[in-house]
Amino acid sequence: MSPRTTAPEDQYTAAPFVPEGADLAALREAAADCRGCPLHRDATQTVFGAGNTHARVMLVGEQPGDQEDRQGRPFVGPAGKLLDRALAEAGIDPGEAYVTNAVKHFKFTRSEPRKRRIHKAPSLREMTACGPWLAAELALVEPELIVVLGATAGKALLGSSFRVGEVRGTVLEREIHGRAERLVPTVHPSSVLRAQDDEDRKAAYQGLVSDLKVAARALG
Ligand code: URA
């Protein structure tokens, strides 16, 4: 009998794929070949962080969506457009930020009969596996402030007990991957888009803007 080999994705860690001493461009290139968890199999491509590499603010979302998976850039779909509008309204220039996700591959199921790709939330195991990429991005960008967009980003950065409703719109100070970080959690922009009706959507959007204003003030 031949010895059983373990595929890298079965080990659920991106660590072996993250080059030491790399700059962001080299990290992005290496991330394109990541097989640190099984999500790479069905996704079109790795969606690495993008934006100003010396940004004062880093925005962390959940995972790429359908559009991001096709285009290879974070937050280019409907949630990203809403986020850009909310950031600008709060006084943060979206073009000055670095934007990334806790998980770098799109996780989805297919719906019958049109076989549309439906977003599926990443598991804690997948988030943890992808963590070394986020840690490397944080170490290189060294943002003054991290805006945490929703529960997945919160769990990836602050631990599995994170609840966005308990801390949204506040400035948290935590040690993350050996660095003292300031973070402002808020809801994920997709949750605004999912609101039941116009009135709820308006209120959810105003809540997001108001949390982002806390981030803008913390940046000074
Ligand atoms: N939602 C996210 O969390 N990230 C993206 O890049 C797009 C949608």
# chains A, B, ... in the order shown; residues from 1 in each chain; ligands from 1
$ closest_atom_pairs --of "chain A" --to "ligand 1" --cutoff "12 Å" --atoms "only C-alpha atoms and all ligand atoms" --output "JSON lines"
{"residue": "A:Thr46", "atom": "CA", "partner": "ligand 1", "partner_atom_place_in_ligand_line": "6 (O)", "distance": 11.0}
{"residue": "A:Val47", "atom": "CA", "partner": "ligand 1", "partner_atom_place_in_ligand_line": "6 (O)", "distance": 7.8}
{"residue": "A:Phe48", "atom": "CA", "partner": "ligand 1", "partner_atom_place_in_ligand_line": "6 (O)", "distance": 9.1}
{"residue": "A:Gly49", "atom": "CA", "partner": "ligand 1", "partner_atom_place_in_ligand_line": "6 (O)", "distance": 8.7}
{"residue": "A:Ala50", "atom": "CA", "partner": "ligand 1", "partner_atom_place_in_ligand_line": "6 (O)", "distance": 10.0}
{"residue": "A:Leu59", "atom": "CA", "partner": "ligand 1", "partner_atom_place_in_ligand_line": "4 (N)", "distance": 9.7}
{"residue": "A:Val60", "atom": "CA", "partner": "ligand 1", "partner_atom_place_in_ligand_line": "3 (O)", "distance": 7.5}
{"residue": "A:Gly61", "atom": "CA", "partner": "ligand 1", "partner_atom_place_in_ligand_line": "3 (O)", "distance": 3.8}
{"residue": "A:Glu62", "atom": "CA", "partner": "ligand 1", "partner_atom_place_in_ligand_line": "3 (O)", "distance": 3.6}
{"residue": "A:Gln63", "atom": "CA", "partner": "ligand 1", "partner_atom_place_in_ligand_line": "3 (O)", "distance": 4.4}
{"residue": "A:Pro64", "atom": "CA", "partner": "ligand 1", "partner_atom_place_in_ligand_line": "6 (O)", "distance": 3.9}
{"residue": "A:Gly65", "atom": "CA", "partner": "ligand 1", "partner_atom_place_in_ligand_line": "7 (C)", "distance": 4.7}
{"residue": "A:Asp66", "atom": "CA", "partner": "ligand 1", "partner_atom_place_in_ligand_line": "7 (C)", "distance": 7.9}
{"residue": "A:Gln67", "atom": "CA", "partner": "ligand 1", "partner_atom_place_in_ligand_line": "7 (C)", "distance": 7.7}
{"residue": "A:Glu68", "atom": "CA", "partner": "ligand 1", "partner_atom_place_in_ligand_line": "6 (O)", "distance": 5.8}
{"residue": "A:Asp69", "atom": "CA", "partner": "ligand 1", "partner_atom_place_in_ligand_line": "6 (O)", "distance": 8.4}
{"residue": "A:Arg70", "atom": "CA", "partner": "ligand 1", "partner_atom_place_in_ligand_line": "6 (O)", "distance": 11.1}
{"residue": "A:Gln71", "atom": "CA", "partner": "ligand 1", "partner_atom_place_in_ligand_line": "6 (O)", "distance": 10.3}
{"residue": "A:Gly72", "atom": "CA", "partner": "ligand 1", "partner_atom_place_in_ligand_line": "6 (O)", "distance": 9.2}
{"residue": "A:Arg73", "atom": "CA", "partner": "ligand 1", "partner_atom_place_in_ligand_line": "6 (O)", "distance": 7.0}
{"residue": "A:Pro74", "atom": "CA", "partner": "ligand 1", "partner_atom_place_in_ligand_line": "6 (O)", "distance": 3.6}
{"residue": "A:Phe75", "atom": "CA", "partner": "ligand 1", "partner_atom_place_in_ligand_line": "6 (O)", "distance": 3.7}
{"residue": "A:Val76", "atom": "CA", "partner": "ligand 1", "partner_atom_place_in_ligand_line": "7 (C)", "distance": 6.7}
{"residue": "A:Gly77", "atom": "CA", "partner": "ligand 1", "partner_atom_place_in_ligand_line": "7 (C)", "distance": 6.3}
{"residue": "A:Pro78", "atom": "CA", "partner": "ligand 1", "partner_atom_place_in_ligand_line": "8 (C)", "distance": 7.7}
{"residue": "A:Ala79", "atom": "CA", "partner": "ligand 1", "partner_atom_place_in_ligand_line": "8 (C)", "distance": 5.5}
{"residue": "A:Gly80", "atom": "CA", "partner": "ligand 1", "partner_atom_place_in_ligand_line": "7 (C)", "distance": 6.1}
{"residue": "A:Lys81", "atom": "CA", "partner": "ligand 1", "partner_atom_place_in_ligand_line": "7 (C)", "distance": 9.6}
{"residue": "A:Leu82", "atom": "CA", "partner": "ligand 1", "partner_atom_place_in_ligand_line": "8 (C)", "distance": 10.3}
{"residue": "A:Leu83", "atom": "CA", "partner": "ligand 1", "partner_atom_place_in_ligand_line": "8 (C)", "distance": 9.6}
{"residue": "A:Asp84", "atom": "CA", "partner": "ligand 1", "partner_atom_place_in_ligand_line": "7 (C)", "distance": 11.8}
{"residue": "A:Tyr98", "atom": "CA", "partner": "ligand 1", "partner_atom_place_in_ligand_line": "6 (O)", "distance": 11.8}
{"residue": "A:Val99", "atom": "CA", "partner": "ligand 1", "partner_atom_place_in_ligand_line": "6 (O)", "distance": 8.0}
{"residue": "A:Thr100", "atom": "CA", "partner": "ligand 1", "partner_atom_place_in_ligand_line": "6 (O)", "distance": 6.8}
{"residue": "A:Asn101", "atom": "CA", "partner": "ligand 1", "partner_atom_place_in_ligand_line": "4 (N)", "distance": 5.7}
{"residue": "A:Ala102", "atom": "CA", "partner": "ligand 1", "partner_atom_place_in_ligand_line": "3 (O)", "distance": 7.9}
{"residue": "A:Val103", "atom": "CA", "partner": "ligand 1", "partner_atom_place_in_ligand_line": "3 (O)", "distance": 8.5}
{"residue": "A:Lys104", "atom": "CA", "partner": "ligand 1", "partner_atom_place_in_ligand_line": "6 (O)", "distance": 8.6}
{"residue": "A:His105", "atom": "CA", "partner": "ligand 1", "partner_atom_place_in_ligand_line": "6 (O)", "distance": 9.6}
{"residue": "A:Phe106", "atom": "CA", "partner": "ligand 1", "partner_atom_place_in_ligand_line": "5 (C)", "distance": 8.9}
{"residue": "A:Lys107", "atom": "CA", "partner": "ligand 1", "partner_atom_place_in_ligand_line": "1 (N)", "distance": 11.1}
{"residue": "A:His119", "atom": "CA", "partner": "ligand 1", "partner_atom_place_in_ligand_line": "1 (N)", "distance": 9.4}
{"residue": "A:Lys120", "atom": "CA", "partner": "ligand 1", "partner_atom_place_in_ligand_line": "1 (N)", "distance": 11.1}
{"residue": "A:Ala121", "atom": "CA", "partner": "ligand 1", "partner_atom_place_in_ligand_line": "3 (O)", "distance": 9.8}
{"residue": "A:Pro122", "atom": "CA", "partner": "ligand 1", "partner_atom_place_in_ligand_line": "3 (O)", "distance": 10.6}
{"residue": "A:Val148", "atom": "CA", "partner": "ligand 1", "partner_atom_place_in_ligand_line": "3 (O)", "distance": 10.1}
{"residue": "A:Leu149", "atom": "CA", "partner": "ligand 1", "partner_atom_place_in_ligand_line": "3 (O)", "distance": 7.3}
{"residue": "A:Gly150", "atom": "CA", "partner": "ligand 1", "partner_atom_place_in_ligand_line": "3 (O)", "distance": 8.0}
{"residue": "A:Ala151", "atom": "CA", "partner": "ligand 1", "partner_atom_place_in_ligand_line": "3 (O)", "distance": 10.0}
{"residue": "A:Thr152", "atom": "CA", "partner": "ligand 1", "partner_atom_place_in_ligand_line": "3 (O)", "distance": 8.4}
{"residue": "A:Ala153", "atom": "CA", "partner": "ligand 1", "partner_atom_place_in_ligand_line": "3 (O)", "distance": 8.1}
{"residue": "A:Gly154", "atom": "CA", "partner": "ligand 1", "partner_atom_place_in_ligand_line": "3 (O)", "distance": 11.5}
{"residue": "A:Val187", "atom": "CA", "partner": "ligand 1", "partner_atom_place_in_ligand_line": "3 (O)", "distance": 10.5}
{"residue": "A:His188", "atom": "CA", "partner": "ligand 1", "partner_atom_place_in_ligand_line": "3 (O)", "distance": 7.0}
{"residue": "A:Pro189", "atom": "CA", "partner": "ligand 1", "partner_atom_place_in_ligand_line": "1 (N)", "distance": 7.5}
{"residue": "A:Ser190", "atom": "CA", "partner": "ligand 1", "partner_atom_place_in_ligand_line": "1 (N)", "distance": 6.7}
{"residue": "A:Ser191", "atom": "CA", "partner": "ligand 1", "partner_atom_place_in_ligand_line": "1 (N)", "distance": 9.9}
{"residue": "A:Val192", "atom": "CA", "partner": "ligand 1", "partner_atom_place_in_ligand_line": "1 (N)", "distance": 11.7}
{"residue": "A:Leu193", "atom": "CA", "partner": "ligand 1", "partner_atom_place_in_ligand_line": "8 (C)", "distance": 11.1}
$ write_last_selection --atoms "C-alpha atoms" --output "PDB file, in the first residue's frame"
ATOM      1  CA  THR A  46      -7.158  34.710  -4.777  1.00  0.00           C
ATOM      2  CA  VAL A  47      -8.417  38.203  -3.974  1.00  0.00           C
ATOM      3  CA  PHE A  48      -5.623  39.888  -2.061  1.00  0.00           C
ATOM      4  CA  GLY A  49      -5.813  43.284  -0.357  1.00  0.00           C
ATOM      5  CA  ALA A  50      -5.543  46.449  -2.441  1.00  0.00           C
ATOM      6  CA  LEU A  59     -10.610  48.136   6.169  1.00  0.00           C
ATOM      7  CA  VAL A  60     -11.115  44.423   6.772  1.00  0.00           C
ATOM      8  CA  GLY A  61     -14.126  42.611   5.305  1.00  0.00           C
ATOM      9  CA  GLU A  62     -15.199  38.975   5.276  1.00  0.00           C
ATOM     10  CA  GLN A  63     -14.311  37.382   1.942  1.00  0.00           C
ATOM     11  CA  PRO A  64     -14.563  38.311  -1.734  1.00  0.00           C
ATOM     12  CA  GLY A  65     -18.025  38.122  -3.276  1.00  0.00           C
ATOM     13  CA  ASP A  66     -19.023  37.057  -6.771  1.00  0.00           C
ATOM     14  CA  GLN A  67     -17.765  40.252  -8.483  1.00  0.00           C
ATOM     15  CA  GLU A  68     -14.562  40.369  -6.482  1.00  0.00           C
ATOM     16  CA  ASP A  69     -13.855  36.730  -7.347  1.00  0.00           C
ATOM     17  CA  ARG A  70     -14.237  37.513 -11.061  1.00  0.00           C
ATOM     18  CA  GLN A  71     -12.300  40.796 -11.006  1.00  0.00           C
ATOM     19  CA  GLY A  72      -9.611  39.844  -8.491  1.00  0.00           C
ATOM     20  CA  ARG A  73     -10.009  42.961  -6.323  1.00  0.00           C
ATOM     21  CA  PRO A  74     -11.733  43.415  -2.952  1.00  0.00           C
ATOM     22  CA  PHE A  75     -14.949  45.408  -2.563  1.00  0.00           C
ATOM     23  CA  VAL A  76     -15.618  46.148  -6.228  1.00  0.00           C
ATOM     24  CA  GLY A  77     -19.217  44.830  -6.168  1.00  0.00           C
ATOM     25  CA  PRO A  78     -22.413  46.299  -4.687  1.00  0.00           C
ATOM     26  CA  ALA A  79     -21.199  46.119  -1.055  1.00  0.00           C
ATOM     27  CA  GLY A  80     -17.999  47.928  -2.046  1.00  0.00           C
ATOM     28  CA  LYS A  81     -19.893  50.707  -3.799  1.00  0.00           C
ATOM     29  CA  LEU A  82     -22.055  51.239  -0.725  1.00  0.00           C
ATOM     30  CA  LEU A  83     -18.959  51.172   1.496  1.00  0.00           C
ATOM     31  CA  ASP A  84     -17.192  53.806  -0.634  1.00  0.00           C
ATOM     32  CA  TYR A  98      -6.027  49.762   2.268  1.00  0.00           C
ATOM     33  CA  VAL A  99      -8.855  47.288   1.792  1.00  0.00           C
ATOM     34  CA  THR A 100      -8.694  43.560   2.404  1.00  0.00           C
ATOM     35  CA  ASN A 101     -10.639  40.544   3.652  1.00  0.00           C
ATOM     36  CA  ALA A 102     -10.221  38.021   6.454  1.00  0.00           C
ATOM     37  CA  VAL A 103     -10.532  35.213   3.886  1.00  0.00           C
ATOM     38  CA  LYS A 104      -8.977  35.607   0.440  1.00  0.00           C
ATOM     39  CA  HIS A 105     -11.103  33.146  -1.584  1.00  0.00           C
ATOM     40  CA  PHE A 106     -14.814  33.300  -2.444  1.00  0.00           C
ATOM     41  CA  LYS A 107     -16.841  30.568  -0.727  1.00  0.00           C
ATOM     42  CA  HIS A 119     -22.195  33.450  -0.896  1.00  0.00           C
ATOM     43  CA  LYS A 120     -21.528  31.070   1.983  1.00  0.00           C
ATOM     44  CA  ALA A 121     -19.959  32.279   5.233  1.00  0.00           C
ATOM     45  CA  PRO A 122     -16.442  30.977   5.848  1.00  0.00           C
ATOM     46  CA  VAL A 148     -13.584  45.883  11.201  1.00  0.00           C
ATOM     47  CA  LEU A 149     -16.453  45.224   8.796  1.00  0.00           C
ATOM     48  CA  GLY A 150     -18.801  42.665  10.329  1.00  0.00           C
ATOM     49  CA  ALA A 151     -18.633  39.479  12.356  1.00  0.00           C
ATOM     50  CA  THR A 152     -16.199  37.419  10.287  1.00  0.00           C
ATOM     51  CA  ALA A 153     -13.534  40.151  10.239  1.00  0.00           C
ATOM     52  CA  GLY A 154     -14.175  40.672  13.968  1.00  0.00           C
ATOM     53  CA  VAL A 187     -21.517  46.179  10.475  1.00  0.00           C
ATOM     54  CA  HIS A 188     -20.685  44.645   7.128  1.00  0.00           C
ATOM     55  CA  PRO A 189     -21.959  46.810   4.232  1.00  0.00           C
ATOM     56  CA  SER A 190     -23.766  43.742   2.803  1.00  0.00           C
ATOM     57  CA  SER A 191     -26.021  43.747   5.863  1.00  0.00           C
ATOM     58  CA  VAL A 192     -27.238  47.213   4.798  1.00  0.00           C
ATOM     59  CA  LEU A 193     -28.056  45.862   1.335  1.00  0.00           C
TER      60      LEU A 193
END
$ residues_around --residues "Ser210 in chain A" --least-positions-apart "4" --cutoff "12 Å" --atoms "only C-alpha atoms" --output "ChimeraX atom specification"
/A:86-91,168-170,184-187,203-206,214-217
$ write_last_selection --atoms "N, CA, C and O atoms" --output "PDB file, in the first residue's frame"
ATOM      1  N   ALA A  86     -20.391  55.392   1.937  1.00  0.00           N
ATOM      2  CA  ALA A  86     -20.472  55.621   3.391  1.00  0.00           C
ATOM      3  C   ALA A  86     -19.161  56.207   3.926  1.00  0.00           C
ATOM      4  O   ALA A  86     -19.162  57.098   4.779  1.00  0.00           O
ATOM      5  N   LEU A  87     -18.031  55.712   3.408  1.00  0.00           N
ATOM      6  CA  LEU A  87     -16.724  56.230   3.851  1.00  0.00           C
ATOM      7  C   LEU A  87     -16.603  57.707   3.508  1.00  0.00           C
ATOM      8  O   LEU A  87     -16.224  58.527   4.360  1.00  0.00           O
ATOM      9  N   ALA A  88     -16.949  58.044   2.267  1.00  0.00           N
ATOM     10  CA  ALA A  88     -16.838  59.438   1.825  1.00  0.00           C
ATOM     11  C   ALA A  88     -17.741  60.321   2.685  1.00  0.00           C
ATOM     12  O   ALA A  88     -17.329  61.417   3.107  1.00  0.00           O
ATOM     13  N   GLU A  89     -18.934  59.842   2.978  1.00  0.00           N
ATOM     14  CA  GLU A  89     -19.863  60.628   3.798  1.00  0.00           C
ATOM     15  C   GLU A  89     -19.326  60.812   5.227  1.00  0.00           C
ATOM     16  O   GLU A  89     -19.588  61.819   5.871  1.00  0.00           O
ATOM     17  N   ALA A  90     -18.575  59.834   5.691  1.00  0.00           N
ATOM     18  CA  ALA A  90     -18.013  59.918   7.052  1.00  0.00           C
ATOM     19  C   ALA A  90     -16.724  60.738   7.087  1.00  0.00           C
ATOM     20  O   ALA A  90     -16.186  61.000   8.169  1.00  0.00           O
ATOM     21  N   GLY A  91     -16.203  61.096   5.910  1.00  0.00           N
ATOM     22  CA  GLY A  91     -14.980  61.909   5.890  1.00  0.00           C
ATOM     23  C   GLY A  91     -13.708  61.087   5.754  1.00  0.00           C
ATOM     24  O   GLY A  91     -12.616  61.555   6.080  1.00  0.00           O
ATOM     25  N   ARG A 168     -19.730  47.845  18.251  1.00  0.00           N
ATOM     26  CA  ARG A 168     -19.697  48.674  17.041  1.00  0.00           C
ATOM     27  C   ARG A 168     -19.635  50.154  17.405  1.00  0.00           C
ATOM     28  O   ARG A 168     -20.213  50.587  18.421  1.00  0.00           O
ATOM     29  N   GLY A 169     -18.928  50.910  16.593  1.00  0.00           N
ATOM     30  CA  GLY A 169     -18.855  52.357  16.812  1.00  0.00           C
ATOM     31  C   GLY A 169     -18.035  52.761  18.023  1.00  0.00           C
ATOM     32  O   GLY A 169     -18.167  53.883  18.506  1.00  0.00           O
ATOM     33  N   THR A 170     -17.190  51.853  18.522  1.00  0.00           N
ATOM     34  CA  THR A 170     -16.301  52.219  19.638  1.00  0.00           C
ATOM     35  C   THR A 170     -14.845  51.982  19.194  1.00  0.00           C
ATOM     36  O   THR A 170     -14.597  51.184  18.291  1.00  0.00           O
ATOM     37  N   VAL A 184     -11.967  50.001  15.042  1.00  0.00           N
ATOM     38  CA  VAL A 184     -13.368  50.416  15.157  1.00  0.00           C
ATOM     39  C   VAL A 184     -14.221  49.391  14.407  1.00  0.00           C
ATOM     40  O   VAL A 184     -14.172  49.312  13.180  1.00  0.00           O
ATOM     41  N   PRO A 185     -14.977  48.574  15.133  1.00  0.00           N
ATOM     42  CA  PRO A 185     -15.858  47.624  14.460  1.00  0.00           C
ATOM     43  C   PRO A 185     -17.159  48.283  14.007  1.00  0.00           C
ATOM     44  O   PRO A 185     -17.660  49.208  14.646  1.00  0.00           O
ATOM     45  N   THR A 186     -17.671  47.782  12.905  1.00  0.00           N
ATOM     46  CA  THR A 186     -19.003  48.195  12.452  1.00  0.00           C
ATOM     47  C   THR A 186     -19.633  47.023  11.697  1.00  0.00           C
ATOM     48  O   THR A 186     -19.035  45.954  11.596  1.00  0.00           O
ATOM     49  N   VAL A 187     -20.840  47.256  11.201  1.00  0.00           N
ATOM     50  CA  VAL A 187     -21.517  46.179  10.475  1.00  0.00           C
ATOM     51  C   VAL A 187     -20.881  46.008   9.096  1.00  0.00           C
ATOM     52  O   VAL A 187     -20.199  46.905   8.596  1.00  0.00           O
ATOM     53  N   ALA A 203     -31.881  53.331   7.799  1.00  0.00           N
ATOM     54  CA  ALA A 203     -31.408  53.332   9.191  1.00  0.00           C
ATOM     55  C   ALA A 203     -30.086  52.568   9.302  1.00  0.00           C
ATOM     56  O   ALA A 203     -29.152  53.005   9.988  1.00  0.00           O
ATOM     57  N   ALA A 204     -30.000  51.425   8.609  1.00  0.00           N
ATOM     58  CA  ALA A 204     -28.769  50.611   8.679  1.00  0.00           C
ATOM     59  C   ALA A 204     -27.599  51.386   8.053  1.00  0.00           C
ATOM     60  O   ALA A 204     -26.481  51.371   8.576  1.00  0.00           O
ATOM     61  N   TYR A 205     -27.889  52.086   6.961  1.00  0.00           N
ATOM     62  CA  TYR A 205     -26.839  52.871   6.298  1.00  0.00           C
ATOM     63  C   TYR A 205     -26.366  54.002   7.212  1.00  0.00           C
ATOM     64  O   TYR A 205     -25.157  54.226   7.371  1.00  0.00           O
ATOM     65  N   GLN A 206     -27.310  54.697   7.849  1.00  0.00           N
ATOM     66  CA  GLN A 206     -26.934  55.781   8.762  1.00  0.00           C
ATOM     67  C   GLN A 206     -26.110  55.247   9.929  1.00  0.00           C
ATOM     68  O   GLN A 206     -25.180  55.895  10.402  1.00  0.00           O
ATOM     69  N   VAL A 214     -16.889  57.683  13.746  1.00  0.00           N
ATOM     70  CA  VAL A 214     -16.051  57.422  14.932  1.00  0.00           C
ATOM     71  C   VAL A 214     -14.622  57.104  14.480  1.00  0.00           C
ATOM     72  O   VAL A 214     -13.640  57.604  15.052  1.00  0.00           O
ATOM     73  N   ALA A 215     -14.531  56.311  13.408  1.00  0.00           N
ATOM     74  CA  ALA A 215     -13.204  55.970  12.874  1.00  0.00           C
ATOM     75  C   ALA A 215     -12.510  57.222  12.347  1.00  0.00           C
ATOM     76  O   ALA A 215     -11.323  57.449  12.604  1.00  0.00           O
ATOM     77  N   ALA A 216     -13.264  58.083  11.633  1.00  0.00           N
ATOM     78  CA  ALA A 216     -12.676  59.318  11.081  1.00  0.00           C
ATOM     79  C   ALA A 216     -12.149  60.203  12.210  1.00  0.00           C
ATOM     80  O   ALA A 216     -11.054  60.763  12.123  1.00  0.00           O
ATOM     81  N   ARG A 217     -12.911  60.306  13.289  1.00  0.00           N
ATOM     82  CA  ARG A 217     -12.478  61.147  14.430  1.00  0.00           C
ATOM     83  C   ARG A 217     -11.242  60.542  15.093  1.00  0.00           C
ATOM     84  O   ARG A 217     -10.323  61.242  15.487  1.00  0.00           O
TER      85      ARG A 217
END
$ residues_around --residues "Gly36 in chain A" --least-positions-apart "2" --cutoff "8 Å" --atoms "only C-alpha atoms" --output "list in words"
Pro8, Glu9, Asp10, Gln11, Tyr12, Thr13, Ala14, Ala15, Pro16, Phe17, Cys34, Pro38, Ala129 and Cys130 of chain A
$ write_last_selection --atoms "N, CA, C and O atoms" --output "mmCIF file, in the first residue's frame"
data_model
loop_
_atom_site.group_PDB
_atom_site.id
_atom_site.type_symbol
_atom_site.label_atom_id
_atom_site.label_comp_id
_atom_site.auth_asym_id
_atom_site.auth_seq_id
_atom_site.Cartn_x
_atom_site.Cartn_y
_atom_site.Cartn_z
ATOM 1 N N PRO A 8 -1.759 20.025 0.947
ATOM 2 C CA PRO A 8 -1.528 21.207 1.788
ATOM 3 C C PRO A 8 -2.829 21.797 2.313
ATOM 4 O O PRO A 8 -2.892 22.279 3.441
ATOM 5 N N GLU A 9 -3.901 21.738 1.497
ATOM 6 C CA GLU A 9 -5.169 22.351 1.927
ATOM 7 C C GLU A 9 -5.796 21.643 3.113
ATOM 8 O O GLU A 9 -6.600 22.205 3.840
ATOM 9 N N ASP A 10 -5.426 20.366 3.313
ATOM 10 C CA ASP A 10 -5.986 19.624 4.446
ATOM 11 C C ASP A 10 -5.360 20.061 5.769
ATOM 12 O O ASP A 10 -5.823 19.692 6.840
ATOM 13 N N GLN A 11 -4.272 20.827 5.680
ATOM 14 C CA GLN A 11 -3.620 21.267 6.921
ATOM 15 C C GLN A 11 -4.176 22.595 7.422
ATOM 16 O O GLN A 11 -3.846 23.050 8.495
ATOM 17 N N TYR A 12 -5.007 23.215 6.641
ATOM 18 C CA TYR A 12 -5.703 24.443 7.037
ATOM 19 C C TYR A 12 -4.767 25.499 7.626
ATOM 20 O O TYR A 12 -4.984 26.010 8.710
ATOM 21 N N THR A 13 -3.730 25.797 6.895
ATOM 22 C CA THR A 13 -2.927 26.980 7.239
ATOM 23 C C THR A 13 -2.229 27.521 5.994
ATOM 24 O O THR A 13 -1.653 26.753 5.213
ATOM 25 N N ALA A 14 -2.298 28.844 5.849
ATOM 26 C CA ALA A 14 -1.625 29.498 4.728
ATOM 27 C C ALA A 14 -0.146 29.719 5.035
ATOM 28 O O ALA A 14 0.619 30.097 4.136
ATOM 29 N N ALA A 15 0.270 29.468 6.278
ATOM 30 C CA ALA A 15 1.627 29.837 6.710
ATOM 31 C C ALA A 15 2.729 29.377 5.744
ATOM 32 O O ALA A 15 3.616 30.171 5.415
ATOM 33 N N PRO A 16 2.706 28.123 5.263
ATOM 34 C CA PRO A 16 3.809 27.704 4.383
ATOM 35 C C PRO A 16 3.865 28.469 3.062
ATOM 36 O O PRO A 16 4.872 28.412 2.360
ATOM 37 N N PHE A 17 2.780 29.154 2.712
ATOM 38 C CA PHE A 17 2.739 29.873 1.426
ATOM 39 C C PHE A 17 3.171 31.338 1.555
ATOM 40 O O PHE A 17 3.336 32.027 0.567
ATOM 41 N N CYS A 34 -1.916 30.240 -3.229
ATOM 42 C CA CYS A 34 -2.194 29.672 -1.899
ATOM 43 C C CYS A 34 -3.129 28.470 -2.005
ATOM 44 O O CYS A 34 -4.171 28.520 -2.645
ATOM 45 N N PRO A 38 -9.160 24.379 1.510
ATOM 46 C CA PRO A 38 -9.778 23.892 0.255
ATOM 47 C C PRO A 38 -10.510 24.964 -0.568
ATOM 48 O O PRO A 38 -10.902 24.684 -1.696
ATOM 49 N N ALA A 129 -7.103 29.550 8.920
ATOM 50 C CA ALA A 129 -6.123 29.137 7.898
ATOM 51 C C ALA A 129 -5.607 30.345 7.123
ATOM 52 O O ALA A 129 -4.422 30.444 6.804
ATOM 53 N N CYS A 130 -6.487 31.287 6.840
ATOM 54 C CA CYS A 130 -6.134 32.455 6.029
ATOM 55 C C CYS A 130 -5.437 33.548 6.862
ATOM 56 O O CYS A 130 -4.885 34.491 6.287
#
$ residues_around --residues "Glu142 in chain A" --least-positions-apart "2" --cutoff "10 Å" --atoms "only C-alpha atoms" --output "MDAnalysis selection string"
chainID A and resid 53:58 136:140 144:146 179 181
$ select_by_dssp --residues "range 81-125 of chain A" --states "alpha helix (DSSP H)" --output "list in words"
Lys81, Leu82, Leu83, Asp84, Arg85, Ala86, Leu87, Ala88, Glu89, Ala90, Leu124 and Arg125 of chain A
$ write_last_selection --atoms "C-alpha atoms" --output "short mmCIF file (atom, residue, chain, number, x, y, z; two decimals), in the first residue's frame"
data_model
loop_
_atom_site.label_atom_id
_atom_site.label_comp_id
_atom_site.auth_asym_id
_atom_site.auth_seq_id
_atom_site.Cartn_x
_atom_site.Cartn_y
_atom_site.Cartn_z
CA LYS A 81 -19.89 50.71 -3.80
CA LEU A 82 -22.05 51.24 -0.73
CA LEU A 83 -18.96 51.17 1.50
CA ASP A 84 -17.19 53.81 -0.63
CA ARG A 85 -20.24 56.08 -0.39
CA ALA A 86 -20.47 55.62 3.39
CA LEU A 87 -16.72 56.23 3.85
CA ALA A 88 -16.84 59.44 1.83
CA GLU A 89 -19.86 60.63 3.80
CA ALA A 90 -18.01 59.92 7.05
CA LEU A 124 -13.67 29.48 11.75
CA ARG A 125 -11.20 26.92 10.41
#
$ atom_distance --atom1 "CA of Leu212 in chain A" --atom2 "CA of Val141 in chain A"
19.9 Å
$ residues_around --residues "Arg182 in chain A" --least-positions-apart "6" --cutoff "9 Å" --atoms "only C-alpha atoms" --output "list in words"
Pro143, Glu144, Leu145, Ile146, Val147, Val171, Leu172, Glu173, Arg174, Glu175 and Ala218 of chain A
